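Visitor: The file below is my_file.csv, CSV, C-alpha atoms and all ligand atoms:
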```csv
chain,number,residue,atom,x,y,z
A,1,MET,CA,69.4,131.6,318.2
A,2,ARG,CA,67.0,133.4,320.7
A,3,ALA,CA,67.8,135.5,323.6
A,4,ALA,CA,70.3,138.0,322.1
A,5,SER,CA,70.3,139.8,325.4
A,6,HIS,CA,72.4,137.1,327.0
A,7,ARG,CA,74.8,136.4,324.1
A,8,LEU,CA,77.7,138.0,325.9
A,9,CYS,CA,77.8,138.2,329.7
A,10,THR,CA,80.4,139.1,332.2
A,11,ALA,CA,80.5,136.9,335.3
A,12,PRO,CA,79.7,137.7,338.9
A,13,MET,CA,83.0,138.0,340.7
A,14,MET,CA,83.4,138.8,344.4
A,15,ASP,CA,85.6,141.8,345.0
A,16,TRP,CA,86.0,142.3,341.2
A,17,SER,CA,82.7,143.0,339.4
A,18,ASP,CA,81.8,146.0,341.5
A,19,ARG,CA,80.2,149.0,339.8
A,20,HIS,CA,83.5,150.6,338.7
A,21,CYS,CA,84.6,147.3,337.1
A,22,ARG,CA,81.2,147.1,335.4
A,23,MET,CA,81.5,150.6,334.1
A,24,PHE,CA,84.9,149.7,332.6
A,25,PHE,CA,83.4,146.6,331.0
A,26,ARG,CA,80.6,148.7,329.6
A,27,GLN,CA,83.0,150.9,327.7
A,28,LEU,CA,84.4,147.8,326.1
A,29,ALA,CA,81.2,146.0,325.4
A,30,PRO,CA,78.1,148.2,324.9
A,31,HIS,CA,75.8,145.2,324.4
A,32,ALA,CA,77.1,142.8,327.1
A,33,ARG,CA,75.0,141.8,330.1
A,34,LEU,CA,77.0,142.6,333.3
A,35,TYR,CA,76.6,140.6,336.5
A,36,SER,CA,77.4,142.1,339.9
A,37,GLU,CA,79.4,140.4,342.6
A,38,MET,CA,77.3,138.2,344.8
A,39,VAL,CA,75.4,140.2,347.5
A,40,THR,CA,74.0,138.1,350.4
A,41,THR,CA,70.5,138.6,351.6
A,42,GLY,CA,72.0,139.2,355.1
A,43,ALA,CA,74.1,142.1,353.7
A,44,LEU,CA,71.0,143.7,352.2
A,45,LEU,CA,68.8,143.1,355.2
A,46,HIS,CA,71.2,144.5,357.7
A,47,GLY,CA,73.8,146.5,355.7
A,48,ASP,CA,74.4,149.6,353.6
A,49,LEU,CA,72.0,149.4,350.6
A,50,GLU,CA,73.7,152.2,348.7
A,51,ARG,CA,77.1,150.4,349.0
A,52,HIS,CA,75.7,147.1,347.8
A,53,LEU,CA,73.1,148.2,345.2
A,54,ARG,CA,74.3,151.5,343.7
A,55,CYS,CA,74.7,151.2,339.9
A,56,ASP,CA,75.1,153.7,337.2
A,57,ALA,CA,72.5,154.4,334.5
A,58,LEU,CA,75.1,153.5,331.9
A,59,GLU,CA,75.6,150.0,333.2
A,60,HIS,CA,72.4,148.5,331.7
A,61,PRO,CA,71.7,145.7,331.1
A,62,VAL,CA,73.0,144.8,334.5
A,63,ALA,CA,72.0,141.9,336.8
A,64,LEU,CA,72.3,141.6,340.6
A,65,GLN,CA,73.5,138.3,341.9
A,66,LEU,CA,71.9,137.3,345.3
A,67,GLY,CA,73.2,134.7,347.7
A,68,GLY,CA,70.6,133.3,350.0
A,69,SER,CA,68.3,130.4,350.6
A,70,GLU,CA,65.2,131.8,352.3
A,71,PRO,CA,62.4,132.5,349.9
A,72,ASP,CA,61.0,135.5,351.9
A,73,ALA,CA,64.4,137.2,352.3
A,74,LEU,CA,65.2,136.6,348.7
A,75,ALA,CA,61.9,138.0,347.6
A,76,HIS,CA,62.5,141.1,349.7
A,77,CYS,CA,66.0,141.6,348.3
A,78,ALA,CA,64.9,141.0,344.7
A,79,ARG,CA,62.4,143.8,345.2
A,80,LEU,CA,65.1,146.1,346.5
A,81,ALA,CA,67.3,145.2,343.5
A,82,GLN,CA,64.5,146.0,341.2
A,83,ASP,CA,63.9,149.3,342.9
A,84,TRP,CA,67.5,150.2,342.5
A,85,GLY,CA,67.2,149.6,338.7
A,86,TYR,CA,68.6,146.1,338.1
A,87,ASP,CA,67.4,144.4,334.9
A,88,GLU,CA,67.6,140.8,336.2
A,89,ILE,CA,68.1,139.0,339.5
A,90,ASN,CA,70.4,136.0,339.6
A,91,LEU,CA,70.4,133.4,342.3
A,92,ASN,CA,73.9,132.0,343.2
A,93,CYS,CA,73.7,128.2,343.1
A,94,GLY,CA,77.4,127.7,342.2
A,95,CYS,CA,79.7,129.2,344.8
A,96,PRO,CA,81.5,126.5,346.7
A,97,SER,CA,83.2,128.6,349.4
A,98,GLU,CA,82.9,127.3,353.0
A,99,ARG,CA,81.6,130.7,354.2
A,100,VAL,CA,78.8,130.4,351.7
A,101,GLN,CA,78.1,126.8,352.7
A,102,ARG,CA,77.8,127.8,356.4
A,103,GLY,CA,75.1,130.2,355.2
A,104,ALA,CA,73.5,127.2,353.4
A,105,PHE,CA,73.5,128.7,350.0
A,106,GLY,CA,75.7,128.8,346.8
A,107,ALA,CA,76.5,125.4,345.3
A,108,CYS,CA,75.1,123.3,348.1
A,109,LEU,CA,71.7,124.5,347.0
A,110,MET,CA,72.0,122.2,344.0
A,111,ALA,CA,71.3,119.3,346.4
A,112,GLU,CA,67.9,120.9,347.2
A,113,PRO,CA,66.2,121.7,343.9
A,114,GLU,CA,62.7,122.0,345.5
A,115,LEU,CA,64.0,124.7,347.9
A,116,VAL,CA,65.6,126.6,345.0
A,117,ALA,CA,62.3,126.3,343.1
A,118,ASP,CA,60.5,127.9,346.1
A,119,CYS,CA,63.2,130.7,346.2
A,120,ILE,CA,62.7,131.3,342.4
A,121,LYS,CA,59.0,131.4,342.7
A,122,ALA,CA,59.1,133.8,345.7
A,123,MET,CA,61.4,136.1,343.8
A,124,GLN,CA,59.4,136.0,340.6
A,125,ASP,CA,56.2,136.8,342.5
A,126,ALA,CA,57.9,139.8,344.0
A,127,VAL,CA,59.4,141.4,340.9
A,128,GLY,CA,58.7,142.1,337.3
A,129,VAL,CA,62.2,141.6,336.0
A,130,PRO,CA,63.5,138.1,335.1
A,131,VAL,CA,65.0,135.9,337.7
A,132,SER,CA,67.8,133.6,336.6
A,133,VAL,CA,70.1,131.0,338.3
A,134,LYS,CA,73.8,130.4,338.1
A,135,GLN,CA,74.6,126.8,338.7
A,136,ARG,CA,77.3,124.2,338.3
A,137,LEU,CA,76.8,120.9,336.5
A,138,GLY,CA,76.9,119.0,339.8
A,139,ILE,CA,78.4,118.9,343.3
A,140,GLU,CA,81.2,116.8,344.7
A,141,ARG,CA,83.0,114.3,342.5
A,142,VAL,CA,80.1,112.4,340.9
A,143,GLU,CA,79.8,113.4,337.3
A,144,ASP,CA,76.1,112.6,336.5
A,145,TYR,CA,74.5,114.6,333.7
A,146,GLY,CA,71.1,113.5,335.1
A,147,PHE,CA,71.8,115.6,338.3
A,148,ALA,CA,72.0,118.8,336.3
A,149,ARG,CA,69.1,117.9,334.1
A,150,ARG,CA,66.8,117.2,337.1
A,151,PHE,CA,67.9,120.4,338.8
A,152,MET,CA,67.1,122.4,335.7
A,153,GLU,CA,63.8,120.6,335.1
A,154,THR,CA,62.6,121.4,338.6
A,155,LEU,CA,63.5,125.1,338.2
A,156,ALA,CA,62.0,125.3,334.7
A,157,ARG,CA,58.8,123.9,336.1
A,158,ALA,CA,58.9,126.7,338.7
A,159,GLY,CA,59.1,129.3,335.9
A,160,CYS,CA,62.8,129.9,335.7
A,161,ARG,CA,63.8,130.7,332.1
A,162,THR,CA,67.5,131.6,332.2
A,163,PHE,CA,70.2,129.2,333.3
A,164,ILE,CA,73.9,130.1,333.5
A,165,VAL,CA,75.8,126.9,333.8
A,166,HIS,CA,79.4,126.9,335.0
A,167,ALA,CA,80.4,123.7,333.1
A,168,ARG,CA,82.1,121.8,335.9
A,169,ASN,CA,81.1,120.3,339.3
A,170,ALA,CA,81.7,122.2,342.6
A,171,VAL,CA,83.6,120.2,345.1
A,172,LEU,CA,82.3,121.4,348.5
A,173,LYS,CA,84.8,119.6,350.7
A,174,GLY,CA,88.6,119.8,350.4
A,175,LEU,CA,88.9,122.3,347.5
A,176,SER,CA,89.2,126.0,347.8
A,177,PRO,CA,87.0,128.3,345.7
A,178,ARG,CA,90.1,129.1,343.6
A,179,ASP,CA,90.8,125.4,343.0
A,180,ASN,CA,87.1,124.9,342.2
A,181,ARG,CA,87.6,127.1,339.1
A,182,GLU,CA,90.3,124.8,337.8
A,183,ILE,CA,90.2,121.3,339.1
A,184,PRO,CA,86.9,119.6,338.4
A,185,ARG,CA,87.2,119.2,334.6
A,186,LEU,CA,85.1,121.3,332.2
A,187,ARG,CA,82.2,119.5,330.5
A,188,HIS,CA,81.0,122.0,327.9
A,189,ASP,CA,79.2,119.2,326.0
A,190,GLU,CA,76.8,118.6,328.8
A,191,VAL,CA,75.8,122.3,328.8
A,192,TYR,CA,75.1,121.9,325.1
A,193,ARG,CA,73.0,118.9,325.9
A,194,LEU,CA,71.0,120.8,328.5
A,195,LYS,CA,70.2,123.4,325.8
A,196,ARG,CA,69.0,120.7,323.4
A,197,GLU,CA,66.8,119.2,326.1
A,198,PHE,CA,65.4,122.5,327.2
A,199,PRO,CA,65.2,124.5,324.0
A,200,GLU,CA,62.7,127.0,325.4
A,201,SER,CA,65.2,128.0,328.2
A,202,THR,CA,68.0,130.5,327.7
A,203,VAL,CA,71.2,128.6,328.5
A,204,VAL,CA,74.4,130.6,329.0
A,205,ILE,CA,77.7,128.7,329.2
A,206,ASN,CA,80.5,129.6,331.6
A,207,GLY,CA,83.9,128.2,332.4
A,208,GLY,CA,87.3,128.6,330.8
A,209,ILE,CA,86.2,130.7,327.8
A,210,SER,CA,88.8,133.2,326.8
A,211,THR,CA,89.0,133.6,323.0
A,212,LEU,CA,86.9,135.0,320.2
A,213,ALA,CA,87.0,131.6,318.4
A,214,GLU,CA,85.8,129.8,321.6
A,215,ILE,CA,83.0,132.3,322.0
A,216,GLY,CA,81.9,131.7,318.4
A,217,ARG,CA,82.0,127.9,318.8
A,218,HIS,CA,79.9,128.0,322.0
A,219,LEU,CA,77.3,130.3,320.4
A,220,GLU,CA,76.6,127.7,317.8
A,221,GLN,CA,75.3,125.5,320.6
A,222,VAL,CA,73.8,127.7,323.3
A,223,ASP,CA,72.2,131.1,323.7
A,224,GLY,CA,75.1,133.0,325.5
A,225,VAL,CA,78.6,132.9,326.9
A,226,MET,CA,79.7,134.3,330.2
A,227,LEU,CA,83.3,135.3,330.7
A,228,GLY,CA,84.9,135.7,334.1
A,229,ARG,CA,88.7,135.7,334.5
A,230,ALA,CA,89.4,136.3,330.8
A,231,ALA,CA,87.2,139.4,330.9
A,232,TYR,CA,89.1,140.7,333.9
A,233,HIS,CA,92.6,139.9,332.9
A,234,ASP,CA,92.3,140.6,329.2
A,235,PRO,CA,89.3,142.9,329.0
A,236,TYR,CA,89.8,143.9,325.4
A,237,VAL,CA,88.5,140.5,324.4
A,238,LEU,CA,85.1,141.9,325.4
A,239,ALA,CA,85.4,144.7,322.8
A,240,GLN,CA,86.4,142.2,320.2
A,241,ALA,CA,83.5,139.9,321.0
A,242,ASP,CA,81.0,142.8,321.1
A,243,THR,CA,82.2,143.9,317.7
A,244,ALA,CA,82.0,140.4,316.2
A,245,LEU,CA,78.5,139.8,317.6
A,246,TRP,CA,76.8,143.1,316.9
A,247,TYR,CA,78.9,144.5,314.0
A,248,THR,CA,79.5,147.8,315.7
A,249,PRO,CA,82.9,149.3,315.9
A,250,ALA,CA,84.5,149.0,319.4
A,251,LEU,CA,86.3,151.8,321.2
A,252,SER,CA,90.1,151.6,320.9
A,253,ARG,CA,92.0,150.9,324.1
A,254,ALA,CA,93.0,154.5,324.2
A,255,GLN,CA,89.4,155.7,323.8
A,256,VAL,CA,88.4,153.3,326.7
A,257,ALA,CA,91.1,154.8,328.8
A,258,GLU,CA,89.9,158.3,328.0
A,259,ALA,CA,86.3,157.4,328.8
A,260,MET,CA,87.4,156.0,332.1
A,261,GLN,CA,89.3,159.1,332.9
A,262,CYS,CA,86.1,161.1,332.5
A,263,TYR,CA,84.3,158.6,334.7
A,264,ALA,CA,87.0,158.8,337.3
A,265,ARG,CA,86.8,162.6,337.4
A,266,ARG,CA,83.1,162.4,338.1
A,267,GLU,CA,83.5,159.7,340.7
A,268,LEU,CA,86.4,161.3,342.5
A,269,ALA,CA,84.3,164.4,343.0
A,270,GLY,CA,81.9,162.2,344.9
A,271,GLY,CA,84.7,160.8,347.1
A,272,THR,CA,85.7,157.6,345.4
A,273,PRO,CA,89.4,157.0,345.6
A,274,LEU,CA,91.1,156.6,342.2
A,275,ARG,CA,92.5,153.3,343.2
A,276,ALA,CA,89.0,151.8,343.5
A,277,ILE,CA,88.5,152.4,339.8
A,278,VAL,CA,91.9,151.8,338.1
A,279,ARG,CA,92.5,148.5,339.9
A,280,HIS,CA,90.1,147.0,337.5
A,281,MET,CA,91.8,148.4,334.4
A,282,LEU,CA,95.3,146.9,334.8
A,283,GLY,CA,94.6,144.3,332.0
A,284,LEU,CA,93.5,146.8,329.3
A,285,PHE,CA,96.8,146.6,327.4
A,286,HIS,CA,97.3,142.8,328.0
A,287,GLY,CA,99.5,141.3,325.4
A,288,ARG,CA,100.4,144.7,323.9
A,289,PRO,CA,103.9,146.4,323.9
A,290,ARG,CA,104.6,148.3,327.1
A,291,ALA,CA,101.6,146.7,328.9
A,292,ARG,CA,103.8,146.4,332.0
A,293,ILE,CA,104.3,150.2,332.2
A,294,TRP,CA,100.5,150.7,332.2
A,295,ARG,CA,100.1,148.2,335.0
A,296,GLN,CA,103.0,149.6,337.0
A,297,MET,CA,101.8,153.2,336.7
A,298,LEU,CA,98.2,152.3,337.6
A,299,SER,CA,99.2,150.3,340.7
A,300,ASP,CA,102.0,152.6,342.0
A,301,ALA,CA,101.0,153.5,345.5
A,302,SER,CA,102.6,156.9,345.5
A,303,LEU,CA,101.1,157.9,342.2
A,304,LEU,CA,97.7,156.7,343.3
A,305,ALA,CA,98.0,158.6,346.6
A,306,ARG,CA,97.7,161.9,344.7
A,307,ASN,CA,94.2,160.8,343.6
A,308,ASP,CA,94.5,162.6,340.3
A,309,PRO,CA,92.4,161.0,337.4
A,310,GLY,CA,95.0,162.5,335.0
A,311,LEU,CA,97.2,159.5,335.9
A,312,ILE,CA,95.1,157.4,333.5
A,313,LEU,CA,96.0,159.7,330.5
A,314,ARG,CA,99.7,159.9,331.7
A,315,ALA,CA,99.8,156.1,331.7
A,316,LEU,CA,98.2,156.0,328.3
A,317,GLU,CA,100.8,158.4,327.0
A,318,ALA,CA,103.5,156.1,328.4
A,319,VAL,CA,102.0,153.0,326.7
A,320,GLU,CA,100.7,154.5,323.5
A,321,PRO,CA,102.3,157.9,323.0
A,322,ALA,CA,100.7,158.4,319.6
A,323,SER,CA,97.1,157.9,320.7
A,324,ALA,CA,97.1,159.8,324.0
A,325,LEU,CA,95.4,163.2,324.1
A,326,ALA,CA,97.5,166.1,325.3
A,401,LIG,C1,87.6,136.5,341.9
A,401,LIG,C2,86.4,135.7,341.5
A,401,LIG,C3,85.2,135.8,342.3
A,401,LIG,C4,84.1,135.1,342.0
A,401,LIG,N1,82.9,135.4,342.6
A,401,LIG,C5,81.8,134.8,342.2
A,401,LIG,C6,80.5,135.2,342.7
A,401,LIG,O1,80.4,136.1,343.6
A,401,LIG,N2,79.4,134.5,342.3
A,401,LIG,C7,79.5,133.5,341.4
A,401,LIG,O2,78.4,132.9,341.0
A,401,LIG,N3,80.6,133.1,340.8
A,401,LIG,C8,81.8,133.8,341.2
A,401,LIG,N4,83.0,133.4,340.6
A,401,LIG,C9,83.0,132.4,339.6
A,401,LIG,C10,82.8,133.1,338.2
A,401,LIG,O3,81.5,133.7,338.1
A,401,LIG,C11,82.9,132.0,337.1
A,401,LIG,O4,81.9,131.1,337.2
A,401,LIG,C12,84.2,131.3,337.1
A,401,LIG,O5,85.3,132.2,337.3
A,401,LIG,C13,84.4,130.5,335.8
A,401,LIG,O6,84.4,131.3,334.7
A,401,LIG,P1,85.8,131.8,334.0
A,401,LIG,O7,86.6,130.5,333.7
A,401,LIG,O8,85.3,132.5,332.7
A,401,LIG,O9,86.6,132.6,334.9
A,401,LIG,C14,84.1,134.2,340.9
A,401,LIG,C15,85.3,134.0,340.2
A,401,LIG,C16,86.4,134.7,340.5
A,401,LIG,C17,87.7,134.6,339.6
```
Will you turn the file into structure tokens for me?
Guide:
Amino acid sequence: MRAASHRLCTAPMMDWSDRHCRMFFRQLAPHARLYSEMVTTGALLHGDLERHLRCDALEHPVALQLGGSEPDALAHCARLAQDWGYDEINLNCGCPSERVQRGAFGACLMAEPELVADCIKAMQDAVGVPVSVKQRLGIERVEDYGFARRFMETLARAGCRTFIVHARNAVLKGLSPRDNREIPRLRHDEVYRLKREFPESTVVINGGISTLAEIGRHLEQVDGVMLGRAAYHDPYVLAQADTALWYTPALSRAQVAEAMQCYARRELAGGTPLRAIVRHMLGLFHGRPRARIWRQMLSDASLLARNDPGLILRALEAVEPASALA
């Protein structure tokens, strides 16, 4: 199947997929495409660019997800993202939160495919890197495959080539964003059908994917898989997937911990608190003996207050005494 560059992706996740989290994911999966948290056009037009756009040279390939619905503002922000080194700009058409709806973007944009097409065109005219969308299958309760197909058709006509499809509807009224990741049922088959109907497009499937076997099954039907919560809570699945897909040996959990300790040392010298980094690493030993000790040590307020990156190796020694470096 085409588009190897999207075969394994990590999801945009507000408050989770920041640059430290992405650096952690990168240690686990050298080939994965990493998506940032959503950044709104408002935040980029009026806020601190470095805070929102900084990314490390080792993060590539990395995509910035934008939230917005005004073509000119999105074009301007796409240019900023390109200048800061992002390899792809992704437009959020899938977030159901009320705050996002008040800003008239996110999943409610799926009701306005022509406007989204204008946004995509404006961004594509502004940058040389690819522009993609992340969408749902539909909005509210009506499950109509034709809705997703028409949306995709309109965007494909505008030149969009990459579609990340969260395989369920977004319910805009009466369900929290959290419920919206569980309650409308998953319809993976309809994403497969989109790929069959748009064979020239790159289609990445998202929603409820958590095991190597599931990843393998989806990749028989579409170009890529995107993992959100599974990547965050059980991140070693990324290492296993990267190894399975690219036949390159993954770092062990201990080697990942060591690499992150080096990264933390560099970051702390620049003023980053240790907690901002290790909070993303709590799942590294998920399902392994003594995983709880790892989590406890890396979330212990008094240990974190010392701001000593050596805590990562001490936690490693506690969980895997044989593999920790002295
Ligand atoms: C904490 C959290 C924050 C999220 N923030 C975003 C976001 O900023 N943009 C977006 O498109 N989706 C966001 N999502 C949705 C995920 O990208 C993904 O579509 C969803 O979690 C389903 O995938 P999963 O079952 O693999 O977790 C978020 C999900 C979580 C758990």
Visitor: One number please: CA of Phe285 (chain A) to CA of Thr272 (chain A), in Å, one decimal.
Guide: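 Between CA of Phe285 (chain A) and CA of Thr272 (chain A) the gap works out to 23.8 Å.
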Visitor: Calculated over all atoms listed in the file, which of the candidates A:Arg157, A:Lys134, A:Arg79, A:Arg54 has the smallest distance to ligand LIG 401 (chain A)?
Guide: A:Lys134
Visitor: Could you jot down the CA of Glu267 (chain A) to CA of Leu53 (chain A) separation for me, Å, one decimal place?
Guide: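 Between CA of Glu267 (chain A) and CA of Leu53 (chain A) the gap is 16.1 Å.
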Visitor: Which residues are close to Tyr263 (chain A), i.e. within 12 Å by all atoms listed in the file, leaving aside same-chain residues fewer than 2 positions away? Reply as a ChimeraX atom specification.
Guide: /A:19-24,26-27,56,58,256-261,265-270,272,274,277-278,309-310,312
Visitor: Measure the distance from CA of Gln221 (chain A) to CA of Tyr236 (chain A) in Å and round it to one decimal.
Guide: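 Separation between CA of Gln221 (chain A) and CA of Tyr236 (chain A): 23.9 Å.
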Visitor: Counting all atoms listed in the file, figure out which residue out of A:Cys160, A:Leu91, A:Leu212, A:Leu284 gets nearest to ligand LIG 401 (chain A).
Guide: A:Leu91
Visitor: For Thr202 (chain A), which residue out of A:Ala78, A:Ile293, A:Cys55, A:Ala156 is the nearest one, using only C-alpha atoms?
Guide: A:Ala156
Visitor: What would region 222-238 of chain A look like if you wrote it out as a PDB file, in the first residue's frame, with N, CA, C and O atoms included, from the block I just posted?
Guide:
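The resulting file, selection.pdb, is reproduced below:
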```
ATOM      1  N   VAL A 222      -6.299   0.122   4.774  1.00  0.00           N
ATOM      2  CA  VAL A 222      -6.070   1.571   4.625  1.00  0.00           C
ATOM      3  C   VAL A 222      -4.567   1.849   4.669  1.00  0.00           C
ATOM      4  O   VAL A 222      -3.763   0.936   4.876  1.00  0.00           O
ATOM      5  N   ASP A 223      -4.205   3.130   4.487  1.00  0.00           N
ATOM      6  CA  ASP A 223      -2.788   3.468   4.370  1.00  0.00           C
ATOM      7  C   ASP A 223      -2.074   3.615   5.712  1.00  0.00           C
ATOM      8  O   ASP A 223      -0.854   3.509   5.777  1.00  0.00           O
ATOM      9  N   GLY A 224      -2.842   3.941   6.743  1.00  0.00           N
ATOM     10  CA  GLY A 224      -2.179   4.184   8.015  1.00  0.00           C
ATOM     11  C   GLY A 224      -3.126   4.026   9.192  1.00  0.00           C
ATOM     12  O   GLY A 224      -4.353   4.009   9.037  1.00  0.00           O
ATOM     13  N   VAL A 225      -2.513   3.880  10.366  1.00  0.00           N
ATOM     14  CA  VAL A 225      -3.288   3.839  11.618  1.00  0.00           C
ATOM     15  C   VAL A 225      -2.805   4.975  12.501  1.00  0.00           C
ATOM     16  O   VAL A 225      -1.623   5.329  12.477  1.00  0.00           O
ATOM     17  N   MET A 226      -3.739   5.532  13.264  1.00  0.00           N
ATOM     18  CA  MET A 226      -3.376   6.563  14.244  1.00  0.00           C
ATOM     19  C   MET A 226      -3.809   6.086  15.619  1.00  0.00           C
ATOM     20  O   MET A 226      -4.972   5.728  15.824  1.00  0.00           O
ATOM     21  N   LEU A 227      -2.862   6.101  16.553  1.00  0.00           N
ATOM     22  CA  LEU A 227      -3.155   5.658  17.922  1.00  0.00           C
ATOM     23  C   LEU A 227      -3.137   6.858  18.862  1.00  0.00           C
ATOM     24  O   LEU A 227      -2.183   7.653  18.826  1.00  0.00           O
ATOM     25  N   GLY A 228      -4.171   6.964  19.686  1.00  0.00           N
ATOM     26  CA  GLY A 228      -4.238   8.028  20.670  1.00  0.00           C
ATOM     27  C   GLY A 228      -4.009   7.493  22.070  1.00  0.00           C
ATOM     28  O   GLY A 228      -2.871   7.389  22.540  1.00  0.00           O
ATOM     29  N   ARG A 229      -5.087   7.096  22.716  1.00  0.00           N
ATOM     30  CA  ARG A 229      -4.984   6.703  24.133  1.00  0.00           C
ATOM     31  C   ARG A 229      -4.093   5.495  24.340  1.00  0.00           C
ATOM     32  O   ARG A 229      -3.360   5.428  25.338  1.00  0.00           O
ATOM     33  N   ALA A 230      -4.114   4.549  23.415  1.00  0.00           N
ATOM     34  CA  ALA A 230      -3.253   3.372  23.600  1.00  0.00           C
ATOM     35  C   ALA A 230      -1.786   3.782  23.590  1.00  0.00           C
ATOM     36  O   ALA A 230      -0.977   3.283  24.383  1.00  0.00           O
ATOM     37  N   ALA A 231      -1.440   4.720  22.704  1.00  0.00           N
ATOM     38  CA  ALA A 231      -0.044   5.173  22.637  1.00  0.00           C
ATOM     39  C   ALA A 231       0.342   5.862  23.938  1.00  0.00           C
ATOM     40  O   ALA A 231       1.485   5.768  24.397  1.00  0.00           O
ATOM     41  N   TYR A 232      -0.620   6.555  24.532  1.00  0.00           N
ATOM     42  CA  TYR A 232      -0.291   7.308  25.743  1.00  0.00           C
ATOM     43  C   TYR A 232      -0.224   6.400  26.981  1.00  0.00           C
ATOM     44  O   TYR A 232       0.682   6.528  27.798  1.00  0.00           O
ATOM     45  N   HIS A 233      -1.175   5.484  27.069  1.00  0.00           N
ATOM     46  CA  HIS A 233      -1.250   4.671  28.291  1.00  0.00           C
ATOM     47  C   HIS A 233      -0.352   3.439  28.234  1.00  0.00           C
ATOM     48  O   HIS A 233       0.052   2.913  29.270  1.00  0.00           O
ATOM     49  N   ASP A 234      -0.083   2.951  27.029  1.00  0.00           N
ATOM     50  CA  ASP A 234       0.758   1.755  26.882  1.00  0.00           C
ATOM     51  C   ASP A 234       1.748   2.009  25.735  1.00  0.00           C
ATOM     52  O   ASP A 234       1.704   1.356  24.690  1.00  0.00           O
ATOM     53  N   PRO A 235       2.641   2.991  25.940  1.00  0.00           N
ATOM     54  CA  PRO A 235       3.422   3.501  24.804  1.00  0.00           C
ATOM     55  C   PRO A 235       4.333   2.469  24.145  1.00  0.00           C
ATOM     56  O   PRO A 235       4.716   2.641  22.985  1.00  0.00           O
ATOM     57  N   TYR A 236       4.652   1.385  24.860  1.00  0.00           N
ATOM     58  CA  TYR A 236       5.586   0.432  24.230  1.00  0.00           C
ATOM     59  C   TYR A 236       4.949  -0.247  23.015  1.00  0.00           C
ATOM     60  O   TYR A 236       5.671  -0.796  22.171  1.00  0.00           O
ATOM     61  N   VAL A 237       3.632  -0.149  22.893  1.00  0.00           N
ATOM     62  CA  VAL A 237       2.991  -0.693  21.687  1.00  0.00           C
ATOM     63  C   VAL A 237       3.522   0.027  20.439  1.00  0.00           C
ATOM     64  O   VAL A 237       3.603  -0.565  19.357  1.00  0.00           O
ATOM     65  N   LEU A 238       3.933   1.283  20.606  1.00  0.00           N
ATOM     66  CA  LEU A 238       4.499   2.018  19.461  1.00  0.00           C
ATOM     67  C   LEU A 238       5.812   1.376  19.016  1.00  0.00           C
ATOM     68  O   LEU A 238       6.097   1.255  17.826  1.00  0.00           O
TER      69      LEU A 238
END
```
